[in-house]
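For reference, work_34.pdb is printed below; it contains PDB, C-alpha atoms.
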ATOM      1  CA  LEU U  21      72.039  95.426 114.987
ATOM      2  CA  VAL U  22      69.793  92.525 115.965
ATOM      3  CA  LEU U  23      69.695  91.263 112.395
ATOM      4  CA  THR U  24      72.538  88.891 111.503
ATOM      5  CA  PRO U  25      74.653  89.276 108.328
ATOM      6  CA  GLU U  26      73.168  85.999 107.065
ATOM      7  CA  GLN U  27      69.616  87.285 107.549
ATOM      8  CA  ALA U  28      70.517  90.530 105.763
ATOM      9  CA  ALA U  29      71.929  88.580 102.817
ATOM     10  CA  ARG U  30      68.802  86.429 102.626
ATOM     11  CA  MET U  31      66.587  89.502 102.776
ATOM     12  CA  THR U  32      68.383  91.199  99.881
ATOM     13  CA  ALA U  33      68.432  88.011  97.794
ATOM     14  CA  ASP U  34      64.675  87.620  98.340
ATOM     15  CA  PHE U  35      64.180  91.262  97.383
ATOM     16  CA  LEU U  36      66.002  90.761  94.085
ATOM     17  CA  GLU U  37      64.014  87.606  93.370
ATOM     18  CA  ASN U  38      60.717  89.391  94.086
ATOM     19  CA  MET U  39      61.786  92.208  91.775
ATOM     20  CA  GLY U  40      62.487  89.706  89.005
ATOM     21  CA  VAL U  41      66.221  90.444  89.003
ATOM     22  CA  SER U  42      68.251  87.259  88.551
ATOM     23  CA  GLY U  43      71.864  86.399  87.845
ATOM     24  CA  TYR U  44      73.485  88.169  90.813
ATOM     25  CA  ALA U  45      75.454  86.715  93.708
ATOM     26  CA  HIS U  46      76.167  88.039  97.198
ATOM     27  CA  GLN U  47      79.899  88.627  97.581
ATOM     28  CA  CYS U  48      80.574  90.319 100.914
ATOM     29  CA  THR U  49      79.071  92.174 103.866
ATOM     30  CA  ASP U  50      80.566  94.789 106.159
ATOM     31  CA  THR U  51      79.162  97.024 108.895
ATOM     32  CA  VAL U  52      78.957 100.781 108.379
ATOM     33  CA  TYR U  53      77.520 103.884 110.046
ATOM     34  CA  GLY U  54      75.680 106.427 107.947
ATOM     35  CA  ASN U  55      72.938 108.999 107.680
ATOM     36  CA  ILE U  56      69.809 107.016 106.895
ATOM     37  CA  ASN U  57      66.469 108.833 106.898
ATOM     38  CA  ASP U  58      68.091 111.844 108.580
ATOM     39  CA  SER U  59      69.512 109.869 111.482
ATOM     40  CA  LEU U  60      72.864 108.232 112.158
ATOM     41  CA  GLN U  61      72.351 104.482 112.009
ATOM     42  CA  LYS U  62      74.364 101.298 111.985
ATOM     43  CA  ALA U  63      73.780  99.140 108.943
ATOM     44  CA  TYR U  64      75.082  96.228 106.950
ATOM     45  CA  ARG U  65      76.494  97.074 103.537
ATOM     46  CA  LEU U  66      76.122  94.165 101.146
ATOM     47  CA  GLN U  67      77.792  93.864  97.759
ATOM     48  CA  PHE U  68      76.319  91.780  94.943
ATOM     49  CA  THR U  69      77.967  91.074  91.586
ATOM     50  CA  ARG U  70      76.702  89.684  88.306
ATOM     51  CA  ALA U  71      76.969  85.947  87.729
ATOM     52  CA  ILE U  72      77.263  84.340  84.312
ATOM     53  CA  GLY U  73      76.431  80.680  84.522
ATOM     54  CA  GLU U  74      77.899  79.322  87.747
ATOM     55  CA  THR U  75      80.615  81.978  88.060
ATOM     56  CA  ALA U  76      80.277  85.487  89.490
ATOM     57  CA  PHE U  77      82.375  88.606  89.050
ATOM     58  CA  ASN U  78      84.902  89.051  91.828
ATOM     59  CA  PHE U  79      84.069  92.043  93.995
ATOM     60  CA  VAL U  80      87.026  94.356  94.499
ATOM     61  CA  SER U  81      87.233  97.730  96.213
ATOM     62  CA  GLY U  82      87.713  99.426  92.849
ATOM     63  CA  ASN U  83      84.141  98.480  91.930
ATOM     64  CA  LEU U  84      83.031 101.424  94.043
ATOM     65  CA  SER U  85      85.304 103.912  92.276
ATOM     66  CA  GLY U  86      84.122 106.126  89.459
ATOM     67  CA  TYR U  87      87.485 105.584  87.821
ATOM     68  CA  ALA U  88      87.542 101.794  87.993
ATOM     69  CA  GLY U  89      88.693 100.446  84.670
ATOM     70  CA  GLY U  90      90.010 103.753  83.368
ATOM     71  CA  GLY U  91      90.885 107.333  84.046
ATOM     72  CA  ALA U  92      94.502 107.145  82.911
ATOM     73  CA  ASP U  93      97.037 108.608  80.511
ATOM     74  CA  ASP U  94      96.907 106.758  77.178
ATOM     75  CA  GLY U  95     100.640 107.253  76.621
ATOM     76  CA  LYS U  96      99.985 109.307  73.491
ATOM     77  CA  GLY U  97      99.232 112.674  75.014
ATOM     78  CA  GLY U  98      95.549 111.828  75.472
ATOM     79  CA  TYR U  99      93.315 110.643  78.269
ATOM     80  CA  LEU U 100      91.492 107.355  78.671
ATOM     81  CA  TRP U 101      88.085 108.030  80.170
ATOM     82  CA  GLY U 102      86.957 105.722  82.928
ATOM     83  CA  TRP U 103      84.211 103.185  82.475
ATOM     84  CA  THR U 104      82.798 102.361  85.896
ATOM     85  CA  ASN U 105      82.496  98.732  86.851
ATOM     86  CA  GLU U 106      79.022  97.410  87.609
ATOM     87  CA  SER U 107      78.178  97.320  91.306
ATOM     88  CA  MET U 108      75.069  96.590  93.344
ATOM     89  CA  THR U 109      75.129  97.843  96.929
ATOM     90  CA  PHE U 110      72.486  97.459  99.660
ATOM     91  CA  LEU U 111      72.248  99.084 103.079
ATOM     92  CA  VAL U 112      70.212  96.962 105.501
ATOM     93  CA  THR U 113      69.141  97.848 109.046
ATOM     94  CA  ASP U 114      66.931  96.052 111.562
ATOM     95  CA  ARG U 115      63.971  97.774 109.905
ATOM     96  CA  GLY U 116      64.781  96.298 106.492
ATOM     97  CA  ILE U 117      66.464  97.458 103.290
ATOM     98  CA  ALA U 118      67.264 101.158 103.674
ATOM     99  CA  SER U 119      68.761 101.727 100.243
ATOM    100  CA  MET U 120      69.887 100.060  97.044
ATOM    101  CA  GLU U 121      72.393 101.466  94.548
ATOM    102  CA  TRP U 122      72.841  99.704  91.204
ATOM    103  CA  VAL U 123      75.625 101.363  89.238
ATOM    104  CA  ASN U 124      76.253 100.855  85.523
ATOM    105  CA  PRO U 125      74.400  97.575  84.840
ATOM    106  CA  TYR U 126      76.125  95.534  82.141
ATOM    107  CA  GLU U 127      74.348  94.202  79.101
ATOM    108  CA  VAL U 128      75.622  90.771  78.069
ATOM    109  CA  SER U 129      75.298  90.827  74.289
ATOM    110  CA  GLU U 130      77.189  87.749  73.119
ATOM    111  CA  VAL U 131      78.725  84.569  74.527
ATOM    112  CA  VAL U 132      82.042  84.057  72.720
ATOM    113  CA  THR U 133      82.677  80.629  74.211
ATOM    114  CA  GLU U 134      81.032  78.576  76.928
ATOM    115  CA  ASP U 135      83.948  76.183  77.475
ATOM    116  CA  THR U 136      87.289  77.859  78.115
ATOM    117  CA  ALA U 137      90.380  75.924  79.173
ATOM    118  CA  LEU U 138      91.910  77.414  82.327
ATOM    119  CA  LEU U 139      95.437  77.217  83.641
ATOM    120  CA  ASP U 140      95.833  74.868  86.593
ATOM    121  CA  PHE U 141      96.270  76.667  89.893
ATOM    122  CA  ALA U 142      99.862  75.436  90.325
ATOM    123  CA  SER U 143     100.803  77.362  87.163
ATOM    124  CA  VAL U 144      98.899  80.428  88.334
ATOM    125  CA  ALA U 145     100.627  80.267  91.729
ATOM    126  CA  GLU U 146     104.027  80.116  90.021
ATOM    127  CA  ILE U 147     103.174  83.204  87.969
ATOM    128  CA  PHE U 148     101.980  84.953  91.112
ATOM    129  CA  GLU U 149     105.205  84.233  93.022
ATOM    130  CA  LYS U 150     107.274  85.830  90.264
ATOM    131  CA  MET U 151     105.071  88.777  89.384
ATOM    132  CA  ILE U 152     104.032  89.918  92.870
ATOM    133  CA  ILE U 153     107.655  91.026  93.361
ATOM    134  CA  VAL U 154     107.832  92.742  89.963
ATOM    135  CA  VAL U 155     104.550  94.609  90.349
ATOM    136  CA  ASN U 156     105.456  95.825  93.845
ATOM    137  CA  ALA U 157     109.133  96.533  93.197
ATOM    138  CA  HIS U 158     108.783 100.306  93.444
ATOM    139  CA  ILE U 159     109.048 101.388  97.064
ATOM    140  CA  GLN U 160     110.630 104.427  98.653
ATOM    141  CA  GLU U 161     114.069 104.156 100.184
ATOM    142  CA  GLY U 162     114.086 103.295 103.864
ATOM    143  CA  LEU U 163     110.628 101.700 103.777
ATOM    144  CA  ASN U 164     110.095  97.965 104.171
ATOM    145  CA  ARG U 165     106.915  96.394 102.870
ATOM    146  CA  ARG U 166     105.683  92.906 103.683
ATOM    147  CA  ILE U 167     102.720  91.454 101.757
ATOM    148  CA  ASP U 168     100.767  88.541 103.237
ATOM    149  CA  ILE U 169      98.266  86.849 100.932
ATOM    150  CA  ASN U 170      95.392  85.100 102.686
ATOM    151  CA  ARG U 171      92.925  84.490  99.851
ATOM    152  CA  ALA U 172      92.978  83.603  96.163
ATOM    153  CA  GLU U 173      89.643  83.865  94.385
ATOM    154  CA  LEU U 174      88.619  82.699  90.918
ATOM    155  CA  GLY U 175      85.918  84.815  89.329
ATOM    156  CA  LEU U 176      85.015  86.982  86.365
ATOM    157  CA  MET U 177      86.271  90.394  85.285
ATOM    158  CA  ARG U 178      85.456  92.756  82.437
ATOM    159  CA  VAL U 179      88.547  93.648  80.412
ATOM    160  CA  LEU U 180      88.867  96.170  77.632
ATOM    161  CA  GLY U 181      91.425  97.782  75.377
ATOM    162  CA  PRO U 182      92.095 101.392  74.353
ATOM    163  CA  ALA U 183      89.939 100.942  71.231
ATOM    164  CA  THR U 184      86.878  99.738  73.144
ATOM    165  CA  ARG U 185      86.874 101.935  76.243
ATOM    166  CA  GLY U 186      83.447 103.271  77.100
ATOM    167  CA  GLY U 187      81.764 100.963  74.604
ATOM    168  CA  SER U 188      82.146  97.241  75.065
ATOM    169  CA  GLY U 189      84.418  94.819  76.845
ATOM    170  CA  ILE U 190      85.095  91.123  77.165
ATOM    171  CA  VAL U 191      84.409  89.080  80.294
ATOM    172  CA  ILE U 192      87.156  86.629  81.235
ATOM    173  CA  PRO U 193      87.966  84.433  84.251
ATOM    174  CA  VAL U 194      90.704  85.763  86.532
ATOM    175  CA  TRP U 195      92.453  84.888  89.771
ATOM    176  CA  ASP U 196      92.544  87.716  92.332
ATOM    177  CA  PHE U 197      94.971  87.540  95.269
ATOM    178  CA  PHE U 198      93.923  89.350  98.455
ATOM    179  CA  GLY U 199      95.722  90.010 101.730
ATOM    180  CA  LYS U 200      97.386  92.815 103.652
ATOM    181  CA  SER U 201     100.510  94.957 103.580
ATOM    182  CA  THR U 202     102.657  95.813 106.574
ATOM    183  CA  TYR U 203     104.888  98.869 106.190
ATOM    184  CA  THR U 204     107.862  99.356 108.500
ATOM    185  CA  PHE U 205     109.533 102.775 108.469
ATOM    186  CA  GLU U 206     113.112 103.685 109.349
ATOM    187  CA  ASP U 207     112.056 104.958 112.760
ATOM    188  CA  GLY U 208     110.475 101.583 113.560
ATOM    189  CA  SER U 209     106.873 102.715 113.216
ATOM    190  CA  VAL U 210     104.473 100.347 111.495
ATOM    191  CA  ALA U 211     101.416 100.901 109.295
ATOM    192  CA  ILE U 212      99.048  98.238 108.000
ATOM    193  CA  SER U 213      96.840  98.266 104.896
ATOM    194  CA  ASP U 214      94.318  95.441 105.110
ATOM    195  CA  ASP U 215      91.352  96.133 102.831
ATOM    196  CA  PRO U 216      89.969  92.585 102.378
ATOM    197  CA  ASN U 217      88.658  93.400  98.888
ATOM    198  CA  GLU U 218      91.756  95.026  97.399
ATOM    199  CA  PRO U 219      93.633  92.535  95.188
ATOM    200  CA  TYR U 220      97.414  92.692  95.119
ATOM    201  CA  LEU U 221      97.606  90.891  91.806
ATOM    202  CA  THR U 222      95.093  89.856  89.152
ATOM    203  CA  VAL U 223      96.062  87.021  86.820
ATOM    204  CA  ASN U 224      94.253  86.078  83.615
ATOM    205  CA  ALA U 225      93.109  82.508  84.321
ATOM    206  CA  ILE U 226      93.328  81.596  80.622
ATOM    207  CA  ASP U 227      96.793  82.735  79.538
ATOM    208  CA  GLY U 228      98.477  83.821  82.790
ATOM    209  CA  SER U 229      98.938  87.467  81.802
ATOM    210  CA  ILE U 230      98.839  90.150  84.485
ATOM    211  CA  ILE U 231      95.887  92.535  84.451
ATOM    212  CA  ASP U 232      96.047  96.110  85.722
ATOM    213  CA  ARG U 233      92.652  96.702  87.284
ATOM    214  CA  THR U 234      93.145 100.466  87.209
ATOM    215  CA  LEU U 235      93.507 100.430  83.438
ATOM    216  CA  GLY U 236      90.987  97.642  82.985
ATOM    217  CA  TYR U 237      93.189  95.301  80.946
TER
END
Here is a file; write its structure as structure tokens.
Amino acid sequence: LVLTPEQAARMTADFLENMGVSGYAHQCTDTVYGNINDSLQKAYRLQFTRAIGETAFNFVSGNLSGYAGGGADDGKGGYLWGWTNESMTFLVTDRGIASMEWVNPYEVSEVVTEDTALLDFASVAEIFEKMIIVVNAHIQEGLNRRIDINRAELGLMRVLGPATRGGSGIVIPVWDFFGKSTYTFEDGSVAISDDPNEPYLTVNAIDGSIIDRTLGY
């Protein structure tokens, strides 16, 4: 690719502006190979998320899953159907924007409050230090797992409860903690999981509760 990631981001932002689509922010760019116009090409994949005011939704890998925010046992013998998170994905090559996929656009119907008091980060960090161990306590015998956190990001997330799944949700500010896991097996072999957009813990920035992104609340 001759085009730089910065140029690709500017191109997609200009495209959205020209289309009259506002209120979205560029979150991340990676390089992919795919079948574009019946030929294998290298392209940038750019992710945009909705912004409300000055704050945007955090982009996490689950945004691309059809089961994000659902698809789980309700604990009562029933099934909680998934409600896909909103995502906006562009593929950009040197020839321009090759494709755009806008999945499940949200409709913001009501602003509950415009001024929400947030926990200070020191309190959030204290919660993280305690709960990261609890949440990741289940590991098979003989396997050692080391988690290194390299980024904490404050952003928005849609949360919902069993009574509102598939209908409406509430948008709240959250802290997402990103990093990588290193697994060491009994035989000394090592495996690394380092998806930069997979949070290891999501903390409600208002009350400090832990949010399960798979369930959506």
| task | Could you jot down the atom CA of U:Phe141 to atom CA of U:Leu174 separation for me, Å, one decimal place? | result |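 Here the two named atoms are 9.8 Å from each other.
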| Residue nearest U:Ile159 - candidates U:Ser59, U:Glu173, U:Leu139, U:Thr204, atoms counted: only C-alpha atoms |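 Of U:Ser59, U:Glu173, U:Leu139, U:Thr204, the one nearest U:Ile159, counting only C-alpha atoms, is U:Thr204.
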| request: Go through U:Ile231, U:Ala63, U:Ala211, U:Ile226 one by one, measure the shortest atom-to-atom distance of each to U:Arg178 using all atoms listed in the file, and give the residue with the smallest value. | output: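 Using all atoms listed in the file, U:Arg178 sits closest to U:Ile231.
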| If you count only C-alpha atoms, which residues fall within 7 Å of stretch 69-81 of chain U, apart from same-chain ones fewer than 3 positions away, as a PyMOL selection string? | chain U and resi 43-47+84+107-108+175-177+217-219
| request: Counting all atoms listed in the file, find the residues whose atoms lie at most 12 Å from (104.3, 85.5, 93.7) (file coordinates) and write them out as number ranges by chain. | output: U: 142-156, 167-169, 172, 197, 220-223, 230
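Among the candidates U:Phe198, U:Trp103, U:Tyr203, U:Tyr64, the residue lying nearest to U:Thr24 is U:Tyr64 (atoms considered: only C-alpha atoms).
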| field | All residues 8 Å or closer to stretch 25-28 of chain U, all atoms listed in the file, same chain fewer than 2 positions away omitted, as a PyMOL selection string | value | chain U and resi 23+30-32+49+64+112
Each residue of stretch 179-223 of chain U with at least one atom at most 10 Å from stretch 115-133 of chain U should appear once, together with its nearest atom pair and the corresponding distance in Å (one decimal); atoms considered: only C-alpha atoms; ordering: chain, then increasing residue number; output as a Markdown table.
| residue | atom | partner | partner_atom | distance |
| --- | --- | --- | --- | --- |
| U:Ser188 | CA | U:Glu127 | CA | 9.3 |
| U:Gly189 | CA | U:Val128 | CA | 9.8 |
| U:Ile190 | CA | U:Val132 | CA | 8.9 |
| U:Val191 | CA | U:Val128 | CA | 9.2 |
Keeping only C-alpha atoms, write those residues as a compact mmCIF listing (two decimals), keeping the file's coordinate frame.
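Output (again-v2.txt):
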# COMPACT_ATOMS: atom_id res chain seq x y z
CA SER U 188 82.15 97.24 75.06
CA GLY U 189 84.42 94.82 76.84
CA ILE U 190 85.10 91.12 77.17
CA VAL U 191 84.41 89.08 80.29
| remark: Among U:Thr136, U:Gln61, U:Asn38, U:Asn105, U:Gly236 is approached most closely, using all atoms listed in the file, by U:Asn105
| message | To one decimal place in Å, what is the distance between atom CA of U:Glu206 and atom CA of U:Asn164? | response |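 Those two atoms sit 8.3 Å apart.
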| task | For each of U:Ile212, U:Ala137, U:Leu163, U:Leu111, take the minimum atom-to-atom distance to U:Ile192, counting all atoms listed in the file, then give the residue where this is smallest. | result |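 That would be U:Ala137, the residue with the smallest distance to U:Ile192.
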| Which value, in Å to one decimal, gives the distance between atom CA of U:Thr202 and atom CA of U:Asp215? |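 So the two atoms, atom CA of U:Thr202 and atom CA of U:Asp215, lie 11.9 Å apart.
Across U:Tyr53, U:Phe35, U:Tyr237, U:Trp195, the tightest approach to U:Leu180 is made by U:Tyr237 when counting only C-alpha atoms.
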